[in-house]
>>> print(open('structure_12.cif').read())   # mmCIF, C-alpha atoms
data_entry
#
loop_
_atom_site.label_atom_id
_atom_site.label_comp_id
_atom_site.auth_asym_id
_atom_site.auth_seq_id
_atom_site.Cartn_x
_atom_site.Cartn_y
_atom_site.Cartn_z
CA MET V 11 0.00 0.00 0.00
CA SER V 12 2.70 2.48 0.88
CA SER V 13 4.58 1.90 -2.38
CA SER V 14 1.56 2.59 -4.57
CA ALA V 15 0.83 5.81 -2.77
CA SER V 16 4.36 7.13 -3.00
CA GLY V 17 4.66 6.48 -6.80
CA PRO V 18 2.12 8.92 -8.07
CA GLY V 19 3.14 11.52 -5.57
CA ALA V 20 6.70 11.43 -6.67
CA GLY V 21 5.85 11.63 -10.36
CA SER V 22 3.32 14.42 -10.06
CA SER V 23 5.18 16.82 -7.80
CA PRO V 24 7.64 18.90 -9.81
CA ASP V 25 11.04 19.97 -8.49
CA PRO V 26 11.35 23.70 -8.28
CA ARG V 27 15.12 23.53 -9.18
CA ASP V 28 14.38 21.89 -12.46
CA ALA V 29 12.46 24.92 -13.60
CA HIS V 30 15.49 27.14 -13.05
CA ALA V 31 17.98 24.70 -14.63
CA ALA V 32 16.30 24.31 -18.01
CA PRO V 33 16.35 27.35 -20.22
CA GLY V 34 13.08 28.44 -21.60
CA PRO V 35 12.11 30.07 -24.78
CA SER V 36 12.12 33.47 -23.20
CA ASP V 37 15.78 33.13 -22.18
CA SER V 38 16.95 32.27 -25.70
CA THR V 39 14.94 35.10 -27.18
CA ALA V 40 16.29 37.62 -24.72
CA ASP V 41 19.88 36.50 -25.16
CA GLY V 42 19.70 36.39 -28.97
CA PRO V 43 19.29 40.08 -29.78
CA ALA V 44 21.77 41.19 -27.15
CA SER V 45 24.55 38.96 -28.43
CA GLY V 46 23.83 39.99 -32.07
CA SER V 47 24.14 43.70 -31.30
CA THR V 48 27.38 43.12 -29.45
CA ARG V 49 28.85 41.37 -32.51
CA SER V 50 27.74 44.16 -34.83
CA GLU V 51 29.33 46.75 -32.54
CA ARG V 52 32.58 44.80 -32.58
CA THR V 53 32.46 44.56 -36.38
CA SER V 54 31.82 48.26 -36.78
CA SER V 55 34.61 49.13 -34.36
CA ASP V 56 37.02 46.76 -36.11
CA GLY V 57 36.06 48.29 -39.49
CA ALA V 58 36.61 51.81 -38.26
CA SER V 59 39.97 50.86 -36.84
CA ALA V 60 40.88 49.20 -40.15
CA GLN V 61 39.84 52.21 -42.21
CA ALA V 62 41.77 54.68 -40.06
CA PRO V 63 45.23 53.32 -41.02
CA SER V 64 44.11 53.15 -44.64
CA ALA V 65 43.15 56.85 -44.65
CA SER V 66 46.43 57.88 -43.00
CA ALA V 67 48.40 55.75 -45.47
CA SER V 68 46.57 57.39 -48.38
CA ALA V 69 47.36 60.85 -46.99
CA ALA V 70 51.02 59.89 -46.60
CA ALA V 71 51.10 58.58 -50.16
CA ASP V 72 49.61 61.84 -51.43
CA ASP V 73 52.26 63.79 -49.54
CA ALA V 74 55.04 61.60 -51.01
CA THR V 75 53.77 61.92 -54.61
CA PRO V 76 55.53 64.83 -56.39
CA ASP V 77 53.41 67.62 -57.75
CA THR V 78 53.31 67.37 -61.56
CA GLY V 79 51.53 70.69 -62.05
CA GLN V 80 53.13 74.00 -63.10
CA ALA V 81 55.57 75.58 -60.69
CA PRO V 82 54.34 78.69 -58.96
CA VAL V 83 55.37 81.92 -60.64
CA PRO V 84 57.81 83.86 -58.46
CA GLN V 85 56.67 87.27 -57.48
CA LEU V 86 59.28 90.04 -57.50
CA THR V 87 59.12 93.04 -55.32
CA ARG V 88 59.70 96.53 -56.68
CA LYS V 89 63.18 96.68 -55.21
CA GLN V 90 64.13 93.33 -56.76
CA ALA V 91 62.78 94.37 -60.17
CA SER V 92 64.65 97.65 -59.92
CA ARG V 93 67.93 95.87 -59.18
CA ILE V 94 67.41 93.52 -62.15
CA ASN V 95 66.62 96.34 -64.60
CA ALA V 96 69.46 98.61 -63.43
CA PRO V 97 72.20 97.00 -65.66
CA ILE V 98 69.93 97.17 -68.73
CA ARG V 99 69.20 100.84 -68.18
CA GLY V 100 72.89 101.55 -67.71
CA MET V 101 73.76 99.78 -70.97
CA VAL V 102 71.10 101.71 -72.90
CA ILE V 103 72.30 105.00 -71.47
CA SER V 104 75.92 104.17 -72.37
CA MET V 105 74.94 103.36 -75.95
CA LEU V 106 73.03 106.63 -76.30
CA VAL V 107 75.98 108.61 -74.97
CA LEU V 108 78.34 106.82 -77.37
CA ILE V 109 76.07 107.55 -80.34
CA LEU V 110 75.85 111.23 -79.37
CA LEU V 111 79.64 111.41 -79.22
CA LEU V 112 80.05 109.77 -82.65
CA LEU V 113 77.45 111.85 -84.49
CA PRO V 114 79.63 115.00 -84.82
CA PHE V 115 82.50 112.95 -86.28
CA LEU V 116 80.15 111.30 -88.77
CA TRP V 117 78.74 114.66 -89.85
CA LEU V 118 82.21 116.13 -90.33
CA GLN V 119 83.40 113.27 -92.55
CA PRO V 120 83.58 114.23 -96.25
CA LYS V 121 81.06 112.52 -98.44
CA PRO V 122 82.53 110.03 -100.91
CA ASP V 123 82.71 111.12 -104.50
CA ALA V 124 80.18 109.50 -106.77
CA GLN V 125 82.86 108.96 -109.43
CA PRO V 126 85.87 106.62 -109.14
CA TYR V 127 89.21 108.07 -108.21
CA ARG V 128 91.37 109.57 -110.95
CA ALA V 129 95.05 109.93 -110.14
CA HIS V 130 95.86 112.19 -113.15
CA VAL V 131 99.41 110.93 -113.55
CA ASP V 132 101.57 112.85 -116.01
CA VAL V 133 102.39 110.05 -118.48
CA SER V 134 104.66 112.19 -120.66
CA GLU V 135 106.90 113.16 -117.76
CA GLU V 136 107.09 109.61 -116.45
CA ALA V 137 107.87 108.34 -119.95
CA ARG V 138 110.89 110.69 -120.15
CA PHE V 139 112.24 109.27 -116.90
CA ALA V 140 111.66 105.68 -118.09
CA GLY V 141 113.36 106.44 -121.42
CA ASP V 142 116.69 106.73 -119.63
CA GLN V 143 116.51 103.00 -118.77
CA ALA V 144 114.32 101.44 -121.42
CA PRO V 145 115.89 100.07 -124.65
CA PHE V 146 112.85 101.42 -126.55
CA THR V 147 110.81 104.59 -126.60
CA PRO V 148 108.13 104.45 -123.86
CA ALA V 149 104.74 105.35 -125.34
CA ALA V 150 102.86 108.37 -124.04
CA PRO V 151 99.83 108.68 -126.37
CA GLU V 152 97.58 111.73 -126.29
CA LEU V 153 94.06 110.32 -125.75
CA GLY V 154 92.09 113.55 -125.52
CA ASP V 155 89.62 115.01 -123.08
CA GLY V 156 88.05 112.70 -120.52
CA TRP V 157 91.01 110.30 -120.51
CA SER V 158 93.52 110.12 -117.66
CA ALA V 159 96.15 107.77 -116.25
CA ASN V 160 95.97 106.08 -112.87
CA TYR V 161 99.58 104.85 -112.92
CA ALA V 162 102.71 104.98 -115.09
CA ARG V 163 105.83 103.03 -114.08
CA TRP V 164 108.95 101.48 -115.44
CA GLU V 165 109.56 97.93 -114.23
CA ALA V 166 113.13 96.85 -114.88
CA GLN V 167 112.41 93.46 -113.30
CA SER V 168 108.71 92.63 -113.51
CA GLN V 169 107.03 89.54 -112.10
CA ASP V 170 107.08 88.03 -115.59
CA GLY V 171 110.84 88.53 -115.81
CA VAL V 172 110.47 90.99 -118.69
CA PRO V 173 111.39 94.70 -118.30
CA LEU V 174 108.40 96.76 -119.37
CA TRP V 175 106.74 100.17 -119.42
CA ASN V 176 103.31 99.94 -117.78
CA VAL V 177 100.54 102.59 -117.92
CA GLY V 178 96.89 102.38 -116.78
CA PHE V 179 94.57 104.56 -118.91
CA LEU V 180 91.15 105.43 -117.52
CA SER V 181 88.47 106.15 -120.13
CA PRO V 182 85.67 108.75 -119.84
CA GLY V 183 83.35 105.81 -119.04
CA TYR V 184 85.68 104.79 -116.18
CA HIS V 185 86.97 101.66 -117.90
CA LEU V 186 90.61 100.78 -117.33
CA VAL V 187 92.82 99.89 -120.29
CA ASP V 188 96.19 98.55 -119.15
CA MET V 189 99.16 99.05 -121.50
CA ALA V 190 102.28 96.89 -121.22
CA GLN V 191 105.16 97.70 -123.59
CA THR V 192 108.44 95.82 -123.91
CA ALA V 193 111.24 95.09 -126.37
CA GLN V 194 111.80 91.59 -124.95
CA SER V 195 108.49 89.91 -125.74
CA ASN V 196 108.37 86.10 -125.81
CA PRO V 197 105.58 83.50 -126.18
CA THR V 198 105.42 82.84 -122.44
CA TRP V 199 105.06 86.52 -121.62
CA LEU V 200 102.38 86.97 -124.30
CA ALA V 201 100.48 83.91 -123.04
CA GLN V 202 100.43 85.31 -119.52
CA ARG V 203 99.34 88.76 -120.68
CA THR V 204 96.50 87.32 -122.81
CA GLN V 205 95.49 84.77 -120.12
CA LEU V 206 96.09 81.88 -122.56
CA ILE V 207 93.18 83.04 -124.74
CA PRO V 208 93.81 82.32 -128.43
CA PRO V 209 93.27 85.12 -130.99
CA THR V 210 89.59 85.57 -131.77
CA ASP V 211 89.81 88.54 -134.18
CA GLU V 212 92.19 90.88 -135.96
CA ARG V 213 91.99 94.60 -136.66
CA THR V 214 94.23 97.09 -138.46
CA VAL V 215 94.35 100.61 -137.00
CA ASN V 216 96.51 103.31 -138.67
CA GLY V 217 98.60 100.71 -140.43
CA VAL V 218 99.26 98.53 -137.37
CA THR V 219 97.66 95.10 -137.16
CA TRP V 220 96.32 94.13 -133.75
CA GLN V 221 95.53 90.55 -132.67
CA ILE V 222 92.42 90.53 -130.50
CA HIS V 223 92.02 87.95 -127.70
CA HIS V 224 88.54 88.04 -126.19
CA ARG V 225 86.66 85.93 -123.64
CA ASP V 226 83.06 86.43 -122.55
CA ALA V 227 82.07 86.12 -118.91
CA SER V 228 81.02 82.57 -118.06
CA GLY V 229 80.88 80.68 -114.76
CA LYS V 230 83.77 81.77 -112.56
CA GLN V 231 85.63 83.53 -115.41
CA ASP V 232 85.24 87.27 -115.94
CA GLU V 233 85.11 89.00 -119.27
CA PHE V 234 88.59 89.76 -120.62
CA THR V 235 89.99 91.40 -123.77
CA ALA V 236 93.57 91.86 -124.93
CA TRP V 237 94.91 93.61 -128.04
CA VAL V 238 98.46 92.71 -129.11
CA GLY V 239 100.28 94.94 -131.60
CA GLU V 240 103.84 95.28 -132.92
CA LEU V 241 105.23 98.82 -132.99
CA LYS V 242 108.56 99.90 -134.53
CA ASP V 243 110.79 98.99 -131.61
CA SER V 244 108.52 97.15 -129.16
CA THR V 245 105.47 94.97 -128.54
CA VAL V 246 102.39 96.46 -126.89
CA VAL V 247 99.61 94.56 -125.09
CA LEU V 248 96.38 96.41 -124.22
CA SER V 249 94.15 94.52 -121.77
CA GLY V 250 91.09 95.02 -119.58
CA LYS V 251 87.28 95.00 -119.66
CA ALA V 252 86.73 98.15 -121.72
CA PRO V 253 84.45 98.26 -124.78
CA SER V 254 85.98 97.58 -128.18
CA ALA V 255 85.71 101.26 -129.20
CA GLU V 256 87.89 102.34 -126.28
CA PHE V 257 90.52 99.72 -127.14
CA GLU V 258 90.52 100.95 -130.70
CA HIS V 259 90.89 104.57 -129.52
CA VAL V 260 94.05 103.74 -127.54
CA ALA V 261 95.40 101.54 -130.36
CA GLY V 262 94.89 104.37 -132.86
CA ALA V 263 96.77 106.85 -130.65
CA LEU V 264 99.68 104.40 -130.31
CA SER V 265 99.76 103.56 -134.00
CA GLY V 266 99.82 107.21 -135.12
CA ARG V 267 102.56 108.39 -132.82
#
>>> encode(input="structure_12.cif", output="structure tokens")
Amino acid sequence: MSSSASGPGAGSSPDPRDAHAAPGPSDSTADGPASGSTRSERTSSDGASAQAPSASASAAADDATPDTGQAPVPQLTRKQASRINAPIRGMVISMLVLILLLLPFLWLQPKPDAQPYRAHVDVSEEARFAGDQAPFTPAAPELGDGWSANYARWEAQSQDGVPLWNVGFLSPGYHLVDMAQTAQSNPTWLAQRTQLIPPTDERTVNGVTWQIHHRDASGKQDEFTAWVGELKDSTVVLSGKAPSAEFEHVAGALSGR
């Protein structure tokens, strides 16, 4: 009897400690949101701490990167600009002073003559002096108005090795006709005087036959003319760039002497 009575009593009476030991639905629900918010706060704090070094590293990288833009334009003060411009002003002032000093000398200089220089050498007088040494009669032709002589000289030992009487006649048109006269002419001397140009024409003036050597201007060679004539006691070579009429005028004066 006692065993049957104690069985149901033991099974039906609950232990108050068991109720506190087993977690209920309310406990799990209450703990769940609290633990989730704690984790999210940790995540956000960890993220913020991770982003902070990244931002500082980016700022340091920006500071280390050189600036590729244009350099700032320096600004000069008035005193600095004045010191820089002082040498330039001094140079300009010196140049102006120098020009002012030179102007009076330039104004006082004689103006060049529009015509070439004429020496007006007395050929007749020089020919008399040369006649004391020459083995022939040095020619001193009368060429008329407008003609003059720039030089007249006796060369006992010329560069060609031939003693000669040399006169430079200047025509009214300012063309030079050079006259070389010698009694010791030779083929080498004639070739040098005619610049190795063969005879291109022949002309007789007052009974004297003249061999004409002429070359037109071409390339690097200038125009050149030479007249070669045989007088009574000498050979005469007329050379230069004068017109044919002026050569003939001099040849006629020599032939009729």
>>> residues_around(input="structure_12.cif", residues="His223 of chain V", least_positions_apart="4", cutoff="10 Å", atoms="only C-alpha atoms", output="list in words")
Thr204, Gln205, Leu206, Ile207, Pro208, Pro209, Thr210, Asp211, Glu212, Phe234, Thr235, Ala236, Trp237, Val238 and Ser249 of chain V
>>> write_last_selection(input="structure_12.cif", atoms="C-alpha atoms", output="compact mmCIF listing (two decimals), in the coordinates of the input")
# COMPACT_ATOMS: atom_id res chain seq x y z
CA THR V 204 96.50 87.32 -122.81
CA GLN V 205 95.49 84.77 -120.12
CA LEU V 206 96.09 81.88 -122.56
CA ILE V 207 93.18 83.04 -124.74
CA PRO V 208 93.81 82.32 -128.43
CA PRO V 209 93.27 85.12 -130.99
CA THR V 210 89.59 85.57 -131.77
CA ASP V 211 89.81 88.54 -134.18
CA GLU V 212 92.19 90.88 -135.96
CA PHE V 234 88.59 89.76 -120.62
CA THR V 235 89.99 91.40 -123.77
CA ALA V 236 93.57 91.86 -124.93
CA TRP V 237 94.91 93.61 -128.04
CA VAL V 238 98.46 92.71 -129.11
CA SER V 249 94.15 94.52 -121.77
>>> closest_residue(input="structure_12.cif", among="V:Leu113, V:Leu241, V:Leu106, V:Ile94", to="Phe146 of chain V", atoms="all atoms listed in the file")
V:Leu241
>>> residues_around(input="structure_12.cif", residues="segment 151-161 of chain V", least_positions_apart="5", cutoff="8 Å", atoms="all atoms listed in the file", output="mmCIF file with C-alpha atoms, in the coordinates of the input")
data_model
loop_
_atom_site.group_PDB
_atom_site.id
_atom_site.type_symbol
_atom_site.label_atom_id
_atom_site.label_comp_id
_atom_site.auth_asym_id
_atom_site.auth_seq_id
_atom_site.Cartn_x
_atom_site.Cartn_y
_atom_site.Cartn_z
ATOM 1 C CA ARG V 128 91.370 109.570 -110.950
ATOM 2 C CA ALA V 129 95.050 109.930 -110.140
ATOM 3 C CA HIS V 130 95.860 112.190 -113.150
ATOM 4 C CA VAL V 131 99.410 110.930 -113.550
ATOM 5 C CA ASP V 132 101.570 112.850 -116.010
ATOM 6 C CA VAL V 133 102.390 110.050 -118.480
ATOM 7 C CA ASN V 176 103.310 99.940 -117.780
ATOM 8 C CA VAL V 177 100.540 102.590 -117.920
ATOM 9 C CA GLY V 178 96.890 102.380 -116.780
ATOM 10 C CA PHE V 179 94.570 104.560 -118.910
ATOM 11 C CA LEU V 180 91.150 105.430 -117.520
ATOM 12 C CA SER V 181 88.470 106.150 -120.130
ATOM 13 C CA PRO V 182 85.670 108.750 -119.840
ATOM 14 C CA HIS V 259 90.890 104.570 -129.520
ATOM 15 C CA VAL V 260 94.050 103.740 -127.540
ATOM 16 C CA ALA V 263 96.770 106.850 -130.650
ATOM 17 C CA LEU V 264 99.680 104.400 -130.310
ATOM 18 C CA ARG V 267 102.560 108.390 -132.820
#
>>> atom_distance(input="structure_12.cif", atom1="atom CA of Asp243 of chain V", atom2="atom CA of Ala255 of chain V")
25.3 Å
>>> atom_distance(input="structure_12.cif", atom1="atom CA of Arg99 of chain V", atom2="atom CA of Val83 of chain V")
24.6 Å
>>> atom_distance(input="structure_12.cif", atom1="atom CA of Val218 of chain V", atom2="atom CA of Ser265 of chain V")
6.1 Å
>>> resolve_selection(input="structure_12.cif", expression="the PyMOL selection byres ((chain V and resi 165-172) around 10)", output="list of chain:residue names")
V:Ala140, V:Gln143, V:Ala144, V:Ala162, V:Arg163, V:Trp164, V:Pro173, V:Leu174, V:Trp175, V:Asn176, V:Gln191, V:Thr192, V:Ala193, V:Gln194, V:Ser195, V:Asn196, V:Thr198, V:Trp199, V:Leu200, V:Gln202, V:Arg203
>>> write_last_selection(input="structure_12.cif", atoms="C-alpha atoms", output="PDB file, in the coordinates of the input")
ATOM      1  CA  ALA V 140     111.660 105.680-118.090  1.00  0.00           C
ATOM      2  CA  GLN V 143     116.510 103.000-118.770  1.00  0.00           C
ATOM      3  CA  ALA V 144     114.320 101.440-121.420  1.00  0.00           C
ATOM      4  CA  ALA V 162     102.710 104.980-115.090  1.00  0.00           C
ATOM      5  CA  ARG V 163     105.830 103.030-114.080  1.00  0.00           C
ATOM      6  CA  TRP V 164     108.950 101.480-115.440  1.00  0.00           C
ATOM      7  CA  PRO V 173     111.390  94.700-118.300  1.00  0.00           C
ATOM      8  CA  LEU V 174     108.400  96.760-119.370  1.00  0.00           C
ATOM      9  CA  TRP V 175     106.740 100.170-119.420  1.00  0.00           C
ATOM     10  CA  ASN V 176     103.310  99.940-117.780  1.00  0.00           C
ATOM     11  CA  GLN V 191     105.160  97.700-123.590  1.00  0.00           C
ATOM     12  CA  THR V 192     108.440  95.820-123.910  1.00  0.00           C
ATOM     13  CA  ALA V 193     111.240  95.090-126.370  1.00  0.00           C
ATOM     14  CA  GLN V 194     111.800  91.590-124.950  1.00  0.00           C
ATOM     15  CA  SER V 195     108.490  89.910-125.740  1.00  0.00           C
ATOM     16  CA  ASN V 196     108.370  86.100-125.810  1.00  0.00           C
ATOM     17  CA  THR V 198     105.420  82.840-122.440  1.00  0.00           C
ATOM     18  CA  TRP V 199     105.060  86.520-121.620  1.00  0.00           C
ATOM     19  CA  LEU V 200     102.380  86.970-124.300  1.00  0.00           C
ATOM     20  CA  GLN V 202     100.430  85.310-119.520  1.00  0.00           C
ATOM     21  CA  ARG V 203      99.340  88.760-120.680  1.00  0.00           C
TER      22      ARG V 203
END
>>> decode(input="structure_12.cif", residues="segment 214-225 of chain V", atoms="N, CA, C and O atoms", output="mmCIF file, in the first residue's frame")
data_model
loop_
_atom_site.group_PDB
_atom_site.id
_atom_site.type_symbol
_atom_site.label_atom_id
_atom_site.label_comp_id
_atom_site.auth_asym_id
_atom_site.auth_seq_id
_atom_site.Cartn_x
_atom_site.Cartn_y
_atom_site.Cartn_z
ATOM 1 N N THR V 214 93.145 96.199 -138.065
ATOM 2 C CA THR V 214 94.234 97.093 -138.457
ATOM 3 C C THR V 214 93.828 98.528 -138.177
ATOM 4 O O THR V 214 92.768 98.984 -138.647
ATOM 5 N N VAL V 215 94.640 99.222 -137.400
ATOM 6 C CA VAL V 215 94.354 100.610 -137.002
ATOM 7 C C VAL V 215 95.593 101.445 -137.350
ATOM 8 O O VAL V 215 96.689 101.205 -136.823
ATOM 9 N N ASN V 216 95.418 102.418 -138.264
ATOM 10 C CA ASN V 216 96.514 103.311 -138.668
ATOM 11 C C ASN V 216 97.752 102.524 -139.126
ATOM 12 O O ASN V 216 98.891 102.870 -138.783
ATOM 13 N N GLY V 217 97.508 101.487 -139.861
ATOM 14 C CA GLY V 217 98.604 100.708 -140.432
ATOM 15 C C GLY V 217 99.201 99.666 -139.518
ATOM 16 O O GLY V 217 100.091 98.905 -139.926
ATOM 17 N N VAL V 218 98.747 99.546 -138.314
ATOM 18 C CA VAL V 218 99.260 98.535 -137.373
ATOM 19 C C VAL V 218 98.182 97.470 -137.174
ATOM 20 O O VAL V 218 97.023 97.785 -136.883
ATOM 21 N N THR V 219 98.596 96.210 -137.336
ATOM 22 C CA THR V 219 97.657 95.096 -137.163
ATOM 23 C C THR V 219 97.667 94.640 -135.704
ATOM 24 O O THR V 219 98.735 94.348 -135.135
ATOM 25 N N TRP V 220 96.475 94.539 -135.150
ATOM 26 C CA TRP V 220 96.320 94.131 -133.752
ATOM 27 C C TRP V 220 95.594 92.784 -133.695
ATOM 28 O O TRP V 220 94.542 92.609 -134.311
ATOM 29 N N GLN V 221 96.175 91.831 -132.943
ATOM 30 C CA GLN V 221 95.534 90.546 -132.668
ATOM 31 C C GLN V 221 94.645 90.703 -131.433
ATOM 32 O O GLN V 221 95.109 91.118 -130.367
ATOM 33 N N ILE V 222 93.380 90.353 -131.590
ATOM 34 C CA ILE V 222 92.420 90.532 -130.504
ATOM 35 C C ILE V 222 92.159 89.180 -129.831
ATOM 36 O O ILE V 222 91.817 88.186 -130.499
ATOM 37 N N HIS V 223 92.314 89.135 -128.529
ATOM 38 C CA HIS V 223 92.023 87.946 -127.696
ATOM 39 C C HIS V 223 90.854 88.324 -126.782
ATOM 40 O O HIS V 223 91.005 89.199 -125.915
ATOM 41 N N HIS V 224 89.737 87.666 -126.957
ATOM 42 C CA HIS V 224 88.539 88.039 -126.186
ATOM 43 C C HIS V 224 87.891 86.801 -125.579
ATOM 44 O O HIS V 224 87.821 85.731 -126.208
ATOM 45 N N ARG V 225 87.393 86.986 -124.344
ATOM 46 C CA ARG V 225 86.658 85.929 -123.639
ATOM 47 C C ARG V 225 85.446 86.553 -122.958
ATOM 48 O O ARG V 225 85.557 87.532 -122.224
#
